[in-house]
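For reference, the structure discussed in these notes is given below.
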Amino acid sequence: MASVRRRGTTVAALLALLLVAPACGPVASRQVHELRVGYDSLDGTRAVWPPRGTLAGDAAATAAVTEAVRAWRSPIDDRVHLPSSGILWSGAVDGVPLALVAADVPGESASWLLQLTGRDGRYEVTRASEYTDPGYLVYADVLPLRLPDGRRYLTSGRVERLLGPDGRALMLTDGLTGAVKVPDCRAVPVTATLRATESLPRGRAADRLLDLGAATVDPRYPLVRDDTGSGRRALDGLDTCVLADEQGPFGSIPRRIGDRDAPRSVPESWPMEKVAVRAIGEMTLGGGNDPGDLEQLTWETDAGTMTAVVYRPAGDGTPVVSPADRSNPLQTYVLPVPGQPLVVLTWRGNRDASLSVPPGTPRLVERPGLVVVPMPASRQTFSLATAEKTYYRSAGGR
């Protein structure tokens, strides 16, 4: 089975159950010619992903899905390991055959959610997204689909109830919801109630997720964990399509494979959990009278903690966001304010720290832990001196 690095005692407990339960894990030595239907995982006596869908018992459909998955390749040309993968749902939606596969891709230590559509007895992978919360996909309880009629969600056997973005319970048929209205470019909440099981003796009343919008493009996985609800507050009023852009916080740090960027893979800056925001100051631009708010956005990725800044103008102005910056003692952000690009420098936790900027650089905003300067025409270096160490960052130019 793929290595599991996912955080949390709940997942660790479930993993232990999966490993000790009789016949509950994939047997690496067996020869597998077809994908399993369902996944042989148990939480106590409850099947987490039992076979579901009207075609779950159809041998011809299973064989056709297997052939399509066997032929599929990831963006870096790795293939699926069939023994540790499974068909989580196989049936028809509005008369069209549909299969959802949890695919293990060992070369990337990755889990992929493959959505397949059938026609004339054959299937093809029509959507493929990489599970951004490190660990194996089958430990999630809510999986997203994108169909012509809108977003749908497939739930595990542990889910008792699922609330949609409007806070109303969604009808589940064989674990699959009907079409759910999710806006293209706005984050909306999805909340599951989990049954009491051996790994969750009291169940869980509110397992919170954020859907980053129906316009999220593959292979970016659209669901982000939001255990405390901080992500919902942080992304309120922000365009998630802008956040996901190559110059936006969530899309700006490409994944590297070896010594090269992998633009078709999920960016290293793509969020998986713990999205939060804190106010860092105010700023007035363009001769306006009312100051706007400067905020620092933080989130967790597979590559560590990422940060960005958000400027929210007073009134109904459009927020401006910076590209991502990996967590550093001195954070340096390029804020692309139209007609007035800026460099925002922030630091925390050291009242005796002293920031130095290049000679002649005007400080548009200066307060403890925050300095804002115009974008330099050429590359310039900024330094933060503390009692223990001096930190250097550069910005400006091209």
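Residue numbering restarts at 1 for every chain of the structure tokens, chains are lettered A, B, ... in their displayed order, and ligands are numbered from 1 as they appear.
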Exercise. Among the residues of stretch 160-288 of chain A, find those DSSP assigns to alpha helix (DSSP H) from the backbone and print them as number ranges by chain.
Key: A: 230-234, 240-244
File of the preceding selection, N, CA, C and O atoms, as an mmCIF file, in the first residue's frame:
data_model
loop_
_atom_site.group_PDB
_atom_site.id
_atom_site.type_symbol
_atom_site.label_atom_id
_atom_site.label_comp_id
_atom_site.auth_asym_id
_atom_site.auth_seq_id
_atom_site.Cartn_x
_atom_site.Cartn_y
_atom_site.Cartn_z
ATOM 1 N N SER A 230 -11.479 28.438 9.534
ATOM 2 C CA SER A 230 -10.681 29.631 9.245
ATOM 3 C C SER A 230 -10.543 29.869 7.743
ATOM 4 O O SER A 230 -10.448 31.016 7.294
ATOM 5 N N GLY A 231 -10.521 28.788 6.958
ATOM 6 C CA GLY A 231 -10.391 28.939 5.519
ATOM 7 C C GLY A 231 -11.588 29.632 4.902
ATOM 8 O O GLY A 231 -11.438 30.451 3.987
ATOM 9 N N ARG A 232 -12.748 29.304 5.391
ATOM 10 C CA ARG A 232 -13.966 29.942 4.861
ATOM 11 C C ARG A 232 -13.913 31.442 5.099
ATOM 12 O O ARG A 232 -14.264 32.240 4.221
ATOM 13 N N ARG A 233 -13.449 31.851 6.272
ATOM 14 C CA ARG A 233 -13.342 33.283 6.578
ATOM 15 C C ARG A 233 -12.234 33.935 5.748
ATOM 16 O O ARG A 233 -12.378 35.043 5.241
ATOM 17 N N ALA A 234 -11.116 33.228 5.598
ATOM 18 C CA ALA A 234 -9.974 33.796 4.893
ATOM 19 C C ALA A 234 -10.272 34.045 3.413
ATOM 20 O O ALA A 234 -9.813 35.037 2.834
ATOM 21 N N THR A 240 -11.372 32.607 -6.422
ATOM 22 C CA THR A 240 -10.460 31.464 -6.368
ATOM 23 C C THR A 240 -9.821 31.173 -7.723
ATOM 24 O O THR A 240 -8.769 30.517 -7.776
ATOM 25 N N CYS A 241 -10.418 31.645 -8.808
ATOM 26 C CA CYS A 241 -9.761 31.501 -10.104
ATOM 27 C C CYS A 241 -8.513 32.383 -10.168
ATOM 28 O O CYS A 241 -7.492 31.990 -10.733
ATOM 29 N N VAL A 242 -8.575 33.571 -9.567
ATOM 30 C CA VAL A 242 -7.403 34.444 -9.479
ATOM 31 C C VAL A 242 -6.373 33.824 -8.540
ATOM 32 O O VAL A 242 -5.174 33.823 -8.822
ATOM 33 N N LEU A 243 -6.818 33.268 -7.421
ATOM 34 C CA LEU A 243 -5.896 32.625 -6.488
ATOM 35 C C LEU A 243 -5.160 31.461 -7.142
ATOM 36 O O LEU A 243 -4.000 31.196 -6.837
ATOM 37 N N ALA A 244 -5.848 30.752 -8.027
ATOM 38 C CA ALA A 244 -5.284 29.554 -8.659
ATOM 39 C C ALA A 244 -4.451 29.863 -9.893
ATOM 40 O O ALA A 244 -3.790 28.969 -10.431
#
Quiz prompt | Residue neighbourhood A:Arg46, 10 Å, only C-alpha atoms, exclusion window fewer than 6 positions, as a ChimeraX atom specification | solution = /A:157-158,197-198
Atoms kept (N, CA and C atoms) for selection, written as an mmCIF file, in the first residue's frame:
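The new file part-v8.cif reads:
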data_model
loop_
_atom_site.group_PDB
_atom_site.id
_atom_site.type_symbol
_atom_site.label_atom_id
_atom_site.label_comp_id
_atom_site.auth_asym_id
_atom_site.auth_seq_id
_atom_site.Cartn_x
_atom_site.Cartn_y
_atom_site.Cartn_z
ATOM 1 N N GLY A 157 -18.468 5.053 3.297
ATOM 2 C CA GLY A 157 -19.452 4.389 4.151
ATOM 3 C C GLY A 157 -19.506 4.966 5.553
ATOM 4 N N ARG A 158 -18.566 5.838 5.892
ATOM 5 C CA ARG A 158 -18.581 6.452 7.214
ATOM 6 C C ARG A 158 -19.445 7.707 7.268
ATOM 7 N N THR A 197 -17.551 4.989 14.617
ATOM 8 C CA THR A 197 -16.858 3.792 14.157
ATOM 9 C C THR A 197 -15.753 3.475 15.155
ATOM 10 N N GLU A 198 -15.006 2.428 14.878
ATOM 11 C CA GLU A 198 -13.941 2.061 15.804
ATOM 12 C C GLU A 198 -12.876 3.144 15.896
#
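Across A:Glu160, A:Asp184, A:Asp218, A:Glu246, the tightest approach to A:Ala205 is made by A:Glu160 when counting only C-alpha atoms.
Using only C-alpha atoms, the contacts of stretch 368-385 of chain A at a cut-off of 6 Å, with sequence neighbours closer than 2 positions omitted, comprise Pro341, Leu342, Val343, Val344, Leu345, Thr346, Trp347, Arg348, Ala353, Ser354, Leu355, Ser356, Val357, Arg363, Leu364, Val365, Glu366, Thr390, Tyr391, Tyr392, Arg393, Ser394, Ala395, Gly396 and Gly397 of chain A.
Of the listed residues (A:Gly203, A:Pro189, A:Gly213, A:Gly360), A:Pro189 comes nearest to A:Asp227; the distances count only C-alpha atoms.
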Practice problem: Find the spatial neighbours of stretch 120-124 of chain A, counting only C-alpha atoms, within a cut-off of 12 Å - ignore same-chain residues fewer than 2 positions away - and output them as a ChimeraX atom specification. | Solution: /A:58-73,90,96-101,114-118,126-128
May I have the selected residues written with N, CA, C and O atoms, as a compact mmCIF listing (two decimals), in the first residue's frame?
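Output file again.txt follows:
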# COMPACT_ATOMS: atom_id res chain seq x y z
N ASP A 58 -21.05 -5.63 -12.67
CA ASP A 58 -21.01 -5.91 -14.10
C ASP A 58 -19.56 -6.19 -14.51
O ASP A 58 -18.72 -5.29 -14.54
N ALA A 59 -19.26 -7.43 -14.85
CA ALA A 59 -17.89 -7.83 -15.16
C ALA A 59 -17.36 -7.11 -16.40
O ALA A 59 -16.17 -6.76 -16.47
N ALA A 60 -18.23 -6.92 -17.38
CA ALA A 60 -17.78 -6.25 -18.61
C ALA A 60 -17.40 -4.79 -18.33
O ALA A 60 -16.40 -4.29 -18.85
N ALA A 61 -18.19 -4.12 -17.50
CA ALA A 61 -17.88 -2.72 -17.15
C ALA A 61 -16.57 -2.66 -16.38
O ALA A 61 -15.72 -1.79 -16.64
N THR A 62 -16.38 -3.59 -15.44
CA THR A 62 -15.14 -3.60 -14.65
C THR A 62 -13.93 -3.82 -15.56
O THR A 62 -12.91 -3.15 -15.40
N ALA A 63 -14.04 -4.72 -16.50
CA ALA A 63 -12.93 -4.99 -17.41
C ALA A 63 -12.63 -3.76 -18.27
O ALA A 63 -11.46 -3.42 -18.51
N ALA A 64 -13.67 -3.09 -18.74
CA ALA A 64 -13.47 -1.92 -19.59
C ALA A 64 -12.84 -0.76 -18.81
O ALA A 64 -11.97 -0.05 -19.32
N VAL A 65 -13.28 -0.59 -17.56
CA VAL A 65 -12.70 0.45 -16.72
C VAL A 65 -11.23 0.14 -16.45
O VAL A 65 -10.36 1.01 -16.50
N THR A 66 -10.93 -1.12 -16.17
CA THR A 66 -9.55 -1.54 -15.91
C THR A 66 -8.65 -1.23 -17.10
O THR A 66 -7.54 -0.71 -16.94
N GLU A 67 -9.12 -1.53 -18.30
CA GLU A 67 -8.31 -1.27 -19.49
C GLU A 67 -8.04 0.22 -19.66
O GLU A 67 -6.93 0.62 -20.03
N ALA A 68 -9.03 1.05 -19.38
CA ALA A 68 -8.85 2.50 -19.52
C ALA A 68 -7.85 3.02 -18.48
O ALA A 68 -7.01 3.87 -18.79
N VAL A 69 -7.94 2.51 -17.26
CA VAL A 69 -7.01 2.94 -16.21
C VAL A 69 -5.60 2.44 -16.51
O VAL A 69 -4.62 3.15 -16.29
N ARG A 70 -5.50 1.23 -17.03
CA ARG A 70 -4.18 0.68 -17.36
C ARG A 70 -3.50 1.53 -18.45
O ARG A 70 -2.27 1.69 -18.46
N ALA A 71 -4.28 2.10 -19.34
CA ALA A 71 -3.72 2.90 -20.44
C ALA A 71 -3.43 4.34 -20.04
O ALA A 71 -2.67 5.03 -20.73
N TRP A 72 -4.01 4.79 -18.92
CA TRP A 72 -3.83 6.19 -18.51
C TRP A 72 -2.42 6.42 -17.96
O TRP A 72 -1.82 5.54 -17.35
N ARG A 73 -1.89 7.63 -18.17
CA ARG A 73 -0.61 8.01 -17.61
C ARG A 73 -0.74 9.37 -16.91
O ARG A 73 -1.49 10.24 -17.36
N SER A 90 -19.37 2.56 -9.69
CA SER A 90 -19.55 2.22 -11.09
C SER A 90 -21.04 2.10 -11.37
O SER A 90 -21.72 1.25 -10.80
N VAL A 96 -25.64 7.84 -18.64
CA VAL A 96 -24.27 7.75 -19.13
C VAL A 96 -23.42 6.96 -18.14
O VAL A 96 -23.37 7.31 -16.96
N PRO A 97 -22.75 5.88 -18.58
CA PRO A 97 -21.90 5.10 -17.67
C PRO A 97 -20.81 5.98 -17.06
O PRO A 97 -20.17 6.78 -17.75
N LEU A 98 -20.60 5.79 -15.76
CA LEU A 98 -19.62 6.59 -15.03
C LEU A 98 -18.91 5.69 -14.03
O LEU A 98 -19.53 4.84 -13.38
N ALA A 99 -17.61 5.85 -13.90
CA ALA A 99 -16.84 5.13 -12.89
C ALA A 99 -15.89 6.11 -12.21
O ALA A 99 -15.37 7.04 -12.84
N LEU A 100 -15.69 5.91 -10.91
CA LEU A 100 -14.76 6.73 -10.14
C LEU A 100 -13.74 5.80 -9.52
O LEU A 100 -14.09 4.85 -8.83
N VAL A 101 -12.46 6.07 -9.79
CA VAL A 101 -11.38 5.16 -9.39
C VAL A 101 -10.39 5.89 -8.48
O VAL A 101 -9.95 7.00 -8.79
N LEU A 114 -9.59 9.36 -10.49
CA LEU A 114 -9.86 9.27 -11.92
C LEU A 114 -11.36 9.14 -12.15
O LEU A 114 -12.03 8.29 -11.54
N GLN A 115 -11.87 9.97 -13.02
CA GLN A 115 -13.28 9.95 -13.39
C GLN A 115 -13.37 9.45 -14.82
O GLN A 115 -12.76 10.02 -15.72
N LEU A 116 -14.10 8.36 -15.02
CA LEU A 116 -14.18 7.73 -16.34
C LEU A 116 -15.61 7.76 -16.86
O LEU A 116 -16.56 7.55 -16.11
N THR A 117 -15.72 7.98 -18.16
CA THR A 117 -17.03 8.00 -18.82
C THR A 117 -17.06 6.88 -19.85
O THR A 117 -16.08 6.66 -20.58
N GLY A 118 -18.19 6.16 -19.89
CA GLY A 118 -18.32 5.03 -20.80
C GLY A 118 -19.16 5.36 -22.02
O GLY A 118 -20.08 6.18 -21.97
N THR A 126 -11.85 10.90 -18.24
CA THR A 126 -12.25 12.24 -18.67
C THR A 126 -11.82 13.33 -17.69
O THR A 126 -11.77 14.50 -18.06
N ARG A 127 -11.53 12.96 -16.46
CA ARG A 127 -10.98 13.91 -15.48
C ARG A 127 -10.02 13.15 -14.59
O ARG A 127 -10.23 11.97 -14.29
N ALA A 128 -8.96 13.83 -14.17
CA ALA A 128 -7.97 13.21 -13.29
C ALA A 128 -7.38 14.28 -12.39
O ALA A 128 -6.82 15.26 -12.87
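With distances taken over only C-alpha atoms, A:Ile87 is the one residue among A:Val334, A:Ile87, A:Ala196, A:Leu297 lying closest to A:Pro51.
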Quiz item: Any idea what's packed within 9 Å of stretch 271-274 of chain A, counting only C-alpha atoms, ignoring anything in its chain fewer than 2 positions away? Could you give it as a VMD selection string?
Solution: chain A and resid 131 to 134 209 221 223 to 231 250 268 to 269 276 298 to 302 306
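Here the question is which of A:Val138, A:Leu55, A:Met171, A:Val321 gets nearest to A:Gln247 using only C-alpha atoms, and that residue is A:Val321.
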Exercise. List the neighbours of A:Leu147 out to 9 Å using only C-alpha atoms; skip same-chain residues closer than 4 positions along the sequence, and give me the result as an MDAnalysis selection string.
Key: chainID A and resid 151:152 179
Practice problem: Extract, using only C-alpha atoms, all DNA, RNA and protein residues at most 12 Å from A:Ser265, discarding same-chain residues fewer than 3 positions from it, and format them as a PyMOL selection string. | Solution: chain A and resi 74-78+108+110+112+128-132+217-221+251+253-257+260-262+268-270
Residue subset to file, keeping C-alpha atoms, as an mmCIF file, in the first residue's frame:
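Result file follows (again.cif):
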data_model
loop_
_atom_site.group_PDB
_atom_site.id
_atom_site.type_symbol
_atom_site.label_atom_id
_atom_site.label_comp_id
_atom_site.auth_asym_id
_atom_site.auth_seq_id
_atom_site.Cartn_x
_atom_site.Cartn_y
_atom_site.Cartn_z
ATOM 1 C CA SER A 74 0.034 10.795 -15.117
ATOM 2 C CA PRO A 75 1.457 14.153 -16.293
ATOM 3 C CA ILE A 76 4.975 12.788 -15.769
ATOM 4 C CA ASP A 77 4.123 9.534 -17.559
ATOM 5 C CA ASP A 78 3.744 7.245 -14.533
ATOM 6 C CA GLU A 108 4.985 9.879 -7.623
ATOM 7 C CA ALA A 110 0.616 10.004 -5.212
ATOM 8 C CA TRP A 112 -5.229 10.173 -8.062
ATOM 9 C CA ALA A 128 -7.968 13.208 -13.290
ATOM 10 C CA SER A 129 -7.000 15.095 -10.146
ATOM 11 C CA GLU A 130 -4.172 14.459 -7.712
ATOM 12 C CA TYR A 131 -5.175 14.115 -4.086
ATOM 13 C CA THR A 132 -3.420 17.079 -2.485
ATOM 14 C CA VAL A 217 -8.839 22.616 -13.457
ATOM 15 C CA ASP A 218 -7.206 19.196 -13.360
ATOM 16 C CA PRO A 219 -4.997 17.924 -11.905
ATOM 17 C CA ARG A 220 -5.678 20.350 -9.051
ATOM 18 C CA TYR A 221 -7.854 18.753 -6.403
ATOM 19 C CA GLY A 251 -0.715 28.462 -8.437
ATOM 20 C CA ILE A 253 5.124 27.989 -7.280
ATOM 21 C CA PRO A 254 5.433 25.197 -9.850
ATOM 22 C CA ARG A 255 6.276 21.650 -8.880
ATOM 23 C CA ARG A 256 9.765 20.535 -9.809
ATOM 24 C CA ILE A 257 10.570 16.993 -10.910
ATOM 25 C CA ARG A 260 12.882 20.891 -14.183
ATOM 26 C CA ASP A 261 9.543 22.562 -13.612
ATOM 27 C CA ALA A 262 6.542 20.277 -14.144
ATOM 28 C CA GLU A 268 3.765 23.092 -4.937
ATOM 29 C CA SER A 269 1.765 26.064 -3.686
ATOM 30 C CA TRP A 270 -1.600 24.291 -4.059
#
Quiz item: Got a sec to tell me which of stretch 121-321 of chain A DSSP assigns to strand (DSSP E), as an MDAnalysis selection string?
Solution: chainID A and resid 122:130 142:147 150:155 159:163 172:173 176:177 188:194 204:211 223:225 256:257 260:261 273:283 292:301 304:312 320:321
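Between atom CA of A:Pro313 and atom CA of A:Pro291 the separation is 7.0 Å.
You will find atom CA of A:Leu35 at 27.8 Å from atom CA of A:Asp149.
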